[in-house]
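Participant: Hey, dropping entry00.cif in here, mmCIF, C-alpha atoms and all ligand atoms:
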```cif
data_entry
loop_
_atom_site.label_atom_id
_atom_site.label_comp_id
_atom_site.auth_asym_id
_atom_site.auth_seq_id
_atom_site.Cartn_x
_atom_site.Cartn_y
_atom_site.Cartn_z
CA THR A 1 116.71 57.99 47.89
CA ARG A 2 113.20 57.59 46.51
CA VAL A 3 112.11 61.11 45.51
CA LEU A 4 108.84 62.68 44.40
CA LEU A 5 109.50 65.74 42.21
CA THR A 6 106.53 67.94 41.32
CA GLY A 7 106.35 69.89 38.04
CA GLY A 8 109.07 67.92 36.21
CA SER A 9 108.30 69.64 32.90
CA GLY A 10 109.55 73.02 34.13
CA PHE A 11 112.80 74.87 33.41
CA ILE A 12 114.29 74.48 36.90
CA ALA A 13 112.74 71.07 37.62
CA ALA A 14 114.30 69.57 34.48
CA HIS A 15 117.75 70.40 35.88
CA VAL A 16 116.78 69.06 39.31
CA LEU A 17 115.63 65.84 37.65
CA GLU A 18 118.88 65.50 35.70
CA LEU A 19 120.95 65.87 38.84
CA LEU A 20 118.79 63.50 40.88
CA LEU A 21 119.19 60.80 38.23
CA LYS A 22 122.91 61.48 37.92
CA ARG A 23 123.29 60.93 41.65
CA GLY A 24 121.42 57.65 41.49
CA HIS A 25 118.17 58.67 43.14
CA SER A 26 114.92 57.03 42.07
CA VAL A 27 112.43 59.64 40.92
CA VAL A 28 108.72 59.91 40.23
CA THR A 29 107.85 63.26 38.71
CA THR A 30 104.41 64.78 38.33
CA VAL A 31 103.45 66.44 35.05
CA ARG A 32 100.17 67.80 33.73
CA SER A 33 99.75 65.52 30.74
CA GLN A 34 100.90 62.23 29.25
CA SER A 35 102.52 64.05 26.34
CA LYS A 36 104.76 65.97 28.79
CA ALA A 37 105.67 62.67 30.47
CA ASP A 38 106.55 61.20 27.06
CA LYS A 39 108.87 64.11 26.23
CA ILE A 40 110.76 63.79 29.52
CA LYS A 41 111.03 60.04 29.02
CA GLN A 42 112.53 60.64 25.57
CA ALA A 43 115.12 62.97 27.06
CA HIS A 44 116.13 60.24 29.53
CA SER A 45 115.83 57.23 27.27
CA ASP A 46 118.42 55.28 29.26
CA ALA A 47 116.49 55.60 32.55
CA THR A 48 114.63 52.51 33.75
CA LYS A 49 111.09 52.64 35.15
CA ASP A 50 112.62 52.13 38.61
CA SER A 51 114.80 55.19 38.27
CA LEU A 52 112.29 57.47 36.52
CA ASP A 53 108.53 57.27 36.47
CA PHE A 54 105.64 59.68 35.98
CA PHE A 55 102.31 60.55 37.50
CA ILE A 56 99.78 62.99 36.10
CA VAL A 57 98.65 65.83 38.35
CA GLU A 58 96.76 68.20 36.11
CA ASP A 59 96.29 71.01 38.57
CA VAL A 60 98.11 71.34 41.87
CA ALA A 61 95.37 73.69 43.11
CA LYS A 62 92.79 70.90 43.14
CA GLU A 63 91.79 69.55 46.54
CA GLY A 64 93.71 66.36 47.26
CA ALA A 65 95.73 66.66 44.01
CA PHE A 66 98.68 64.77 45.52
CA ASP A 67 96.78 62.21 47.64
CA GLU A 68 97.30 59.40 45.17
CA VAL A 69 100.84 60.02 43.99
CA VAL A 70 102.34 60.23 47.48
CA GLN A 71 101.11 56.68 48.15
CA LEU A 72 102.98 55.06 45.24
CA LYS A 73 105.29 52.16 46.07
CA PRO A 74 108.19 51.90 46.84
CA SER A 75 107.50 54.57 49.44
CA PHE A 76 108.96 58.03 49.04
CA GLU A 77 111.63 59.33 51.37
CA ALA A 78 111.85 62.87 50.04
CA VAL A 79 109.69 65.35 48.13
CA ILE A 80 110.87 68.29 46.02
CA HIS A 81 108.00 70.63 45.23
CA THR A 82 108.72 73.00 42.33
CA ALA A 83 105.37 73.20 40.49
CA SER A 84 104.00 76.72 40.70
CA PRO A 85 102.99 79.24 38.04
CA PHE A 86 105.72 81.70 37.00
CA HIS A 87 104.36 84.07 34.37
CA PHE A 88 102.48 87.34 34.35
CA ASN A 89 99.98 86.49 31.67
CA VAL A 90 96.98 86.31 33.98
CA THR A 91 93.55 87.85 34.20
CA ASP A 92 92.62 86.42 37.61
CA VAL A 93 95.49 86.70 40.12
CA GLN A 94 93.70 84.68 42.76
CA LYS A 95 92.84 81.71 40.56
CA GLN A 96 95.86 81.69 38.26
CA LEU A 97 98.69 82.63 40.64
CA LEU A 98 97.77 82.59 44.33
CA ASP A 99 95.68 79.41 44.41
CA PRO A 100 98.10 77.08 42.60
CA ALA A 101 101.08 78.41 44.58
CA ILE A 102 99.47 78.35 48.02
CA ILE A 103 97.06 75.42 47.69
CA GLY A 104 99.73 73.52 45.76
CA THR A 105 102.13 73.90 48.68
CA THR A 106 99.68 73.24 51.51
CA GLY A 107 98.22 70.42 49.43
CA ILE A 108 101.46 68.50 49.09
CA LEU A 109 102.31 69.05 52.75
CA GLN A 110 98.91 67.71 53.82
CA SER A 111 98.97 64.72 51.46
CA VAL A 112 102.43 63.73 52.65
CA LYS A 113 101.53 64.08 56.32
CA LYS A 114 98.34 62.07 55.86
CA TYR A 115 99.48 59.30 53.51
CA ALA A 116 103.28 59.18 53.29
CA PRO A 117 104.86 58.86 56.73
CA SER A 118 108.02 57.50 55.11
CA VAL A 119 108.87 60.97 53.77
CA LYS A 120 111.59 62.50 55.92
CA ARG A 121 112.56 65.52 53.84
CA MET A 122 110.71 68.17 51.89
CA VAL A 123 112.33 70.83 49.68
CA ILE A 124 110.15 73.62 48.30
CA THR A 125 111.11 76.03 45.51
CA SER A 126 110.36 79.45 46.88
CA SER A 127 111.85 82.69 45.53
CA PHE A 128 113.74 85.89 46.28
CA ALA A 129 110.22 87.29 45.80
CA SER A 130 109.46 86.02 49.30
CA ILE A 131 112.54 87.83 50.72
CA LEU A 132 112.63 91.17 48.86
CA ASP A 133 110.48 94.06 50.05
CA PRO A 134 109.11 95.20 46.67
CA PHE A 135 107.91 98.50 48.13
CA ALA A 136 111.26 99.58 49.61
CA GLY A 137 113.01 100.54 46.36
CA ALA A 138 116.78 100.09 45.97
CA ARG A 139 117.16 100.13 49.79
CA PRO A 140 120.89 100.91 49.99
CA ASP A 141 120.94 100.62 53.79
CA HIS A 142 119.87 96.98 53.79
CA THR A 143 121.49 93.59 53.20
CA TYR A 144 119.02 90.90 52.18
CA SER A 145 119.41 87.43 53.65
CA GLU A 146 117.29 84.47 54.72
CA LYS A 147 116.11 86.57 57.69
CA ASP A 148 113.99 88.83 55.47
CA TRP A 149 110.37 88.37 54.47
CA ASN A 150 108.44 90.26 51.83
CA PRO A 151 105.81 92.26 53.79
CA ILE A 152 103.27 92.13 50.92
CA THR A 153 99.60 91.84 51.94
CA GLN A 154 96.77 89.92 50.35
CA GLU A 155 95.23 93.18 49.05
CA GLN A 156 98.50 94.29 47.47
CA ALA A 157 98.96 90.86 45.88
CA LEU A 158 95.62 91.22 44.13
CA GLU A 159 96.54 94.60 42.61
CA ASN A 160 98.43 93.36 39.53
CA PRO A 161 100.13 90.21 38.17
CA GLY A 162 103.61 91.31 39.34
CA ASN A 163 102.43 91.70 42.91
CA GLY A 164 100.36 88.56 42.43
CA TYR A 165 103.41 86.46 41.60
CA ARG A 166 105.47 87.91 44.47
CA GLY A 167 102.55 87.37 46.85
CA SER A 168 102.04 83.83 45.60
CA LYS A 169 105.62 82.87 46.45
CA THR A 170 105.61 84.69 49.80
CA PHE A 171 102.31 83.25 51.03
CA ALA A 172 103.15 79.75 49.78
CA GLU A 173 106.51 79.65 51.55
CA LYS A 174 105.03 81.10 54.74
CA ALA A 175 102.31 78.47 54.61
CA GLY A 176 105.04 75.84 54.44
CA TRP A 177 106.83 77.05 57.57
CA GLU A 178 103.53 77.51 59.41
CA PHE A 179 102.55 73.96 58.53
CA LEU A 180 105.78 72.68 60.04
CA GLU A 181 105.25 74.66 63.23
CA LYS A 182 101.61 73.71 63.73
CA GLU A 183 101.40 70.18 62.36
CA HIS A 184 104.74 68.73 63.49
CA PRO A 185 104.98 66.38 60.52
CA ASN A 186 107.46 63.52 60.19
CA PHE A 187 109.61 65.50 57.77
CA THR A 188 111.96 68.47 57.81
CA LEU A 189 111.73 71.35 55.34
CA ALA A 190 114.19 73.39 53.30
CA THR A 191 113.18 76.23 51.00
CA ILE A 192 115.20 77.49 48.03
CA CYS A 193 114.86 81.22 47.28
CA PRO A 194 116.42 82.15 43.92
CA PRO A 195 116.17 85.54 42.21
CA LEU A 196 116.23 85.72 38.39
CA VAL A 197 117.30 82.28 37.16
CA LEU A 198 119.24 82.11 33.89
CA GLY A 199 120.69 79.05 32.26
CA PRO A 200 120.50 76.42 29.56
CA ILE A 201 117.17 74.90 28.61
CA VAL A 202 117.02 71.15 29.09
CA HIS A 203 113.22 70.78 29.27
CA TYR A 204 111.03 70.19 26.25
CA LEU A 205 109.78 73.27 24.38
CA ASN A 206 107.59 73.22 21.30
CA SER A 207 108.44 76.82 20.44
CA LEU A 208 110.69 79.64 21.63
CA ASP A 209 107.49 81.52 22.46
CA ALA A 210 106.99 78.97 25.23
CA LEU A 211 110.35 79.82 26.82
CA ASN A 212 110.27 80.05 30.61
CA THR A 213 109.80 83.58 31.96
CA SER A 214 113.28 84.21 33.42
CA ASN A 215 115.21 83.43 30.22
CA THR A 216 113.07 85.61 27.97
CA ARG A 217 115.36 88.66 28.14
CA LEU A 218 118.22 86.63 26.63
CA ARG A 219 115.99 85.42 23.82
CA ASP A 220 114.72 88.96 23.26
CA TYR A 221 118.22 90.48 23.13
CA ILE A 222 119.43 88.05 20.51
CA ASN A 223 116.30 88.27 18.36
CA GLY A 224 116.42 92.07 18.30
CA THR A 225 113.23 92.73 20.30
CA LEU A 226 115.19 94.75 22.87
CA LYS A 227 117.45 96.54 20.38
CA ASN A 228 115.84 99.91 20.98
CA SER A 229 115.62 99.68 24.76
CA SER A 230 115.44 103.11 26.31
CA ASP A 231 118.33 104.57 28.27
CA LYS A 232 116.67 103.82 31.55
CA GLU A 233 117.80 102.07 34.67
CA MET A 234 116.78 98.45 34.62
CA PRO A 235 113.92 97.33 36.85
CA GLY A 236 114.75 94.95 39.71
CA PRO A 237 115.67 92.40 40.82
CA TYR A 238 119.36 93.23 40.43
CA ILE A 239 120.51 89.75 41.33
CA TRP A 240 120.54 86.46 39.49
CA VAL A 241 121.66 82.82 39.69
CA ASP A 242 122.41 80.00 37.24
CA VAL A 243 119.83 77.23 37.00
CA ARG A 244 122.46 74.51 37.57
CA ASP A 245 123.38 76.09 40.90
CA VAL A 246 119.67 76.24 41.79
CA ALA A 247 119.29 72.55 40.95
CA LEU A 248 122.34 71.72 43.06
CA ALA A 249 120.84 73.70 45.95
CA HIS A 250 117.65 71.63 45.79
CA VAL A 251 119.44 68.29 45.71
CA ASN A 252 122.04 69.17 48.33
CA ALA A 253 119.30 70.59 50.58
CA MET A 254 117.58 67.23 50.30
CA GLU A 255 120.72 65.19 50.93
CA ARG A 256 122.52 67.10 53.67
CA ASP A 257 121.62 66.78 57.36
CA ASP A 258 122.72 70.31 58.26
CA ALA A 259 120.47 71.84 55.59
CA GLN A 260 117.26 70.85 57.34
CA ASN A 261 114.68 73.40 58.48
CA LYS A 262 116.42 76.27 56.73
CA ARG A 263 115.76 78.77 53.98
CA PHE A 264 118.43 79.22 51.31
CA PHE A 265 118.94 82.52 49.52
CA THR A 266 120.50 81.14 46.35
CA THR A 267 122.06 84.01 44.43
CA ALA A 268 125.33 84.31 42.54
CA GLY A 269 125.33 88.08 42.92
CA PHE A 270 124.49 91.26 41.07
CA PHE A 271 124.02 91.72 37.36
CA SER A 272 122.73 94.32 34.96
CA ASN A 273 121.21 94.19 31.53
CA SER A 274 124.12 96.27 30.25
CA GLU A 275 126.55 93.56 31.43
CA ILE A 276 124.45 90.93 29.67
CA VAL A 277 124.59 92.91 26.44
CA GLN A 278 128.38 93.28 26.76
CA ILE A 279 128.75 89.51 27.26
CA LEU A 280 126.56 88.86 24.23
CA ARG A 281 128.51 91.32 22.11
CA LYS A 282 131.83 89.76 23.08
CA ASN A 283 130.85 86.11 22.66
CA PHE A 284 128.33 86.22 19.82
CA PRO A 285 129.41 88.75 17.18
CA GLU A 286 126.70 87.34 14.91
CA TYR A 287 124.08 89.18 17.00
CA ARG A 288 125.76 92.60 16.75
CA ASP A 289 122.93 94.07 14.69
CA GLN A 290 120.21 92.73 16.98
CA LEU A 291 121.72 94.14 20.18
CA PRO A 292 121.39 97.70 21.48
CA PRO A 293 124.24 99.76 19.98
CA GLU A 294 127.56 100.21 21.77
CA SER A 295 126.53 103.78 22.50
CA TRP A 296 123.57 102.50 24.56
CA LYS A 297 123.68 103.99 28.04
CA GLY A 298 120.84 102.02 29.55
CA GLY A 299 120.36 98.82 31.45
CA TYR A 300 122.29 99.77 34.57
CA ARG A 301 121.33 99.11 38.16
CA PRO A 302 120.56 102.15 40.25
CA THR A 303 123.39 102.97 42.64
CA PRO A 304 123.59 102.63 45.51
CA HIS A 305 121.37 99.61 46.10
CA TYR A 306 120.81 96.82 48.61
CA GLY A 307 123.45 94.29 49.59
CA ILE A 308 123.10 90.52 49.69
CA ASP A 309 124.33 87.77 51.99
CA ASN A 310 124.45 84.41 50.21
CA SER A 311 126.98 82.83 52.58
CA ARG A 312 124.62 80.18 53.98
CA CYS A 313 124.38 78.52 50.54
CA GLU A 314 128.13 78.47 50.19
CA LYS A 315 128.72 77.10 53.69
CA ILE A 316 125.92 74.57 54.05
CA LEU A 317 125.13 73.62 50.46
CA GLY A 318 128.70 73.97 49.19
CA ILE A 319 127.71 76.02 46.17
CA GLN A 320 130.35 77.73 44.04
CA TRP A 321 128.50 80.15 41.85
CA THR A 322 128.54 79.94 38.07
CA THR A 323 129.67 83.24 36.53
CA LEU A 324 127.30 85.47 34.60
CA GLU A 325 129.40 85.12 31.46
CA GLN A 326 129.34 81.32 31.60
CA SER A 327 125.62 81.28 32.25
CA VAL A 328 124.72 83.71 29.47
CA VAL A 329 126.96 81.93 26.96
CA ASP A 330 125.55 78.49 27.83
CA THR A 331 121.98 79.78 27.70
CA VAL A 332 122.40 81.38 24.29
CA LYS A 333 124.06 78.22 22.96
CA SER A 334 121.08 76.21 24.19
CA LEU A 335 118.67 78.68 22.56
CA GLN A 336 120.59 78.33 19.30
CA ALA A 337 120.43 74.54 19.49
CA LEU A 338 116.72 74.72 20.22
CA ARG A 339 116.06 77.10 17.36
CA SER A 340 117.75 74.82 14.89
CA SER A 341 115.85 71.78 16.16
CA LEU A 342 112.37 73.37 16.22
P1 LIG B 401 108.39 76.99 34.53
O1 LIG B 401 107.25 77.79 34.05
O2 LIG B 401 109.28 76.39 33.53
O3 LIG B 401 107.90 75.85 35.51
C1 LIG B 401 106.71 75.91 36.23
C2 LIG B 401 106.25 74.49 36.48
O4 LIG B 401 105.09 74.49 37.32
C3 LIG B 401 105.86 73.78 35.19
O5 LIG B 401 106.22 72.42 35.29
C4 LIG B 401 104.34 73.93 35.19
O6 LIG B 401 103.70 72.94 34.42
C5 LIG B 401 104.04 73.77 36.65
N1 LIG B 401 102.75 74.34 37.03
C6 LIG B 401 102.38 75.63 37.02
N2 LIG B 401 101.11 75.78 37.42
C7 LIG B 401 100.65 74.53 37.68
C8 LIG B 401 99.40 73.99 38.12
N3 LIG B 401 98.36 74.79 38.40
N4 LIG B 401 99.29 72.65 38.27
C9 LIG B 401 100.33 71.83 37.97
N5 LIG B 401 101.53 72.28 37.57
C10 LIG B 401 101.69 73.61 37.42
O7 LIG B 401 109.22 77.98 35.47
P2 LIG B 401 110.47 77.74 36.44
O8 LIG B 401 111.10 76.44 36.23
O9 LIG B 401 111.26 78.97 36.36
O10 LIG B 401 109.75 77.73 37.87
C11 LIG B 401 109.82 76.64 38.77
C12 LIG B 401 109.70 77.14 40.17
O11 LIG B 401 110.78 78.03 40.43
C13 LIG B 401 108.42 77.91 40.49
O12 LIG B 401 108.04 77.56 41.80
C14 LIG B 401 108.89 79.36 40.44
O13 LIG B 401 108.09 80.19 41.23
C15 LIG B 401 110.29 79.22 41.02
N6 LIG B 401 111.19 80.33 40.74
C16 LIG B 401 111.65 80.57 39.47
C17 LIG B 401 112.52 81.62 39.23
C18 LIG B 401 113.06 81.89 37.87
O14 LIG B 401 113.65 82.97 37.67
N7 LIG B 401 112.91 81.00 36.91
C19 LIG B 401 112.96 82.50 40.32
C20 LIG B 401 112.44 82.13 41.61
C21 LIG B 401 111.60 81.09 41.80
P3 LIG B 401 103.35 73.23 32.86
O15 LIG B 401 104.65 73.56 32.20
O16 LIG B 401 102.75 71.96 32.40
O17 LIG B 401 102.41 74.37 32.87
#
```
Could you render the structure from this file as structure tokens?
Facilitator:
Amino acid sequence: TRVLLTGGSGFIAAHVLELLLKRGHSVVTTVRSQSKADKIKQAHSDATKDSLDFFIVEDVAKEGAFDEVVQLKPSFEAVIHTASPFHFNVTDVQKQLLDPAIIGTTGILQSVKKYAPSVKRMVITSSFASILDPFAGARPDHTYSEKDWNPITQEQALENPGNGYRGSKTFAEKAGWEFLEKEHPNFTLATICPPLVLGPIVHYLNSLDALNTSNTRLRDYINGTLKNSSDKEMPGPYIWVDVRDVALAHVNAMERDDAQNKRFFTTAGFFSNSEIVQILRKNFPEYRDQLPPESWKGGYRPTPHYGIDNSRCEKILGIQWTTLEQSVVDTVKSLQALRSSL
């Protein structure tokens, strides 16, 4: 399949790209600069121009940002849209979080409908942030599934960067489904809704300070930053997933007929920071002095808390979840390899 992948320089997208190439798809990925394209090319030095090519889209929030790339030849048959800001380092929630997420999503949908009638399938990276009600607390009486929507309002989203990010994912995904309903495009849609994504780094990083947001707690445990964490309950979300399972969800959602027009709540299950620390202590004795001490009582999930139903991903996408131990070990090994190469 000829695939357009947006945001190929990102943590999750780099795994999606790897899997697409492994399965023999032909990919054009958008990145924000030529230097990012060059780094990805270096990582896939055996890929031909037919199997992997690049197009620069500096800012997905710009009007018509995707108009040109969707018209490249040979024509695209599928689009995977991952590009969206995921960090909390913002001073203007509207401009830095909401606009790129929402306009980025509506923008690619519009460009494809207008200029790329050959596209039959669209997969969008959404988030558990668009499922979870962030104002309902631990919510022990509820089981989250694809049926749930975050009730966050525009006003709440503008209150702080955390709400801003959750709002950005909720409004962007909603805009996607609304587009499908109103515009009746030529393509079907699937959305992937992961919670905290952990896993090895395969994208280019020029420094460990530039690490993607969801892996930072692993970096900060092994470098001692979180050694003196207080004895508090951990903040949510209490669920996680491995990045390789998230990549598989994207590619299988693109490939499989029965995955069309569905949301996918991609989560491996519950975790806690205390479990992460135990896994680190067991597998990496060299970090003993950087980790919170064995007497540490913190990092637990509140109990009781909400339940989860991830059965649709298992049934339709065929995902068998990577374990937390495997994921943490592989991530730390990749951080170690990165540190020695930087
Ligand atoms: P990264 O920060 O590694 O990736 C984000 C990607 O989006 C980068 O390629 C980035 O480009 C690109 N991007 C951001 N803003 C813009 C913009 N205005 N114009 C063009 N490109 C832009 O994070 P992840 O890989 O984790 O995130 C990928 C997707 O997954 C996002 O949609 C995120 O919301 C979603 N997600 C992630 C979760 C996680 O825990 N990691 C959980 C749930 C959802 P550049 O690097 O050049 O800035």
Participant: Could you pull out the residues sitting within 8 Å of ligand LIG 401 (chain B), using all atoms listed in the file, and write them as a VMD selection string?
Facilitator: chain A and resid 6 to 14 31 to 33 36 57 to 61 81 to 87 96 to 97 100 to 101 104 124 to 129 165 169 193 to 198 211 to 215 240 243
Participant: Any idea what the distance is between CA of Gln320 (chain A) and CA of Lys262 (chain A)?
Facilitator: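 So the answer is 18.9 Å.
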Participant: For Leu17 (chain A), list every protein, DNA or RNA residue within 12 Å, evaluated using all atoms listed in the file, and leave out those in the same chain fewer than 5 positions away; present the list as a PyMOL selection string.
Facilitator: chain A and resi 3-12+22-30+40-41+43-44+47+51-54+80-82+202-203+244+246-248+250-251
Participant: Find the residue from A:His15, A:Asp209, A:Ile276, A:Arg263 that sits nearest to Gly176 (chain A); use all atoms listed in the file when measuring.
Facilitator: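 Checking each of A:His15, A:Asp209, A:Ile276, A:Arg263 against Gly176 (chain A), counting all atoms listed in the file, the winner is A:Arg263.
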Participant: What's around Tyr221 (chain A) at 12 Å? Count only C-alpha atoms, leave out sequence neighbours fewer than 5 positions away in its own chain, and write the answer as an NGL selection string.
Facilitator: :A and (215-216 or 226-229 or 273-274 or 276-281 or 284 or 287-293 or 299 or 328 or 332 or 335)
Participant: In Å, with one decimal, what is the gap from CA of Lys120 (chain A) to CA of Pro74 (chain A)?
Facilitator: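 That distance, rounded to one decimal, is 14.4 Å.
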Participant: Kindly list the centre and edge lengths in Å, rounded to one decimal, for the axis-aligned box that covers all listed atoms of region 297-315 of chain A plus 5 Å on each of its six sides, as AutoDock Vina command-line options.
Facilitator:
```
--center_x 124.5 --center_y 90.5 --center_z 41.0 --size_x 18.4 --size_y 36.9 --size_z 35.9
```
Participant: Go through A:Ser295, A:Glu173, A:Asn252, A:Asp257 and flag the residue nearest Asp231 (chain A), using all atoms listed in the file for the distances.
Facilitator: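 The closest residue to Asp231 (chain A) is A:Ser295.
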Participant: Kindly give the distance, in Å, that separates CA of Phe187 (chain A) and CA of Val69 (chain A), rounded to a single decimal.
Facilitator: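 Between CA of Phe187 (chain A) and CA of Val69 (chain A) the gap is 17.2 Å.
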Participant: Just want the 12 Å neighbourhood of Leu208 (chain A), counted on only C-alpha atoms, with same-chain residues fewer than 4 positions away dropped. Output as a ChimeraX atom specification.
Facilitator: /A:201,203-204,212-213,215-216,218-220,223,334-342
Participant: Counting only C-alpha atoms, what is within 9 Å of Ser230 (chain A), bar same-chain residues fewer than 2 positions away, as a PyMOL selection string?
Facilitator: chain A and resi 228+232-233+296-299
Participant: Export, as a compact mmCIF listing (two decimals), in the frame of the given file, the selected residues with C-alpha atoms.
Facilitator:
```
# COMPACT_ATOMS: atom_id res chain seq x y z
CA ASN A 228 115.84 99.91 20.98
CA LYS A 232 116.67 103.82 31.55
CA GLU A 233 117.80 102.07 34.67
CA TRP A 296 123.57 102.50 24.56
CA LYS A 297 123.68 103.99 28.04
CA GLY A 298 120.84 102.02 29.55
CA GLY A 299 120.36 98.82 31.45
```
Participant: Would you kindly identify which residues have an atom no farther than 6 Å from (101.3, 60.0, 51.0), using all atoms listed in the file and the file's own coordinates, and write them out as number ranges by chain?
Facilitator: A: 70-71, 111-112, 115-116
Participant: Let me make sure I understand: among A:Leu20, A:Val329, A:Lys147, A:Gly137, which one has the smallest atom-to-atom distance to Arg301 (chain A) if we use all atoms listed in the file?
Facilitator: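 Smallest separation from Arg301 (chain A) among the options: A:Gly137.
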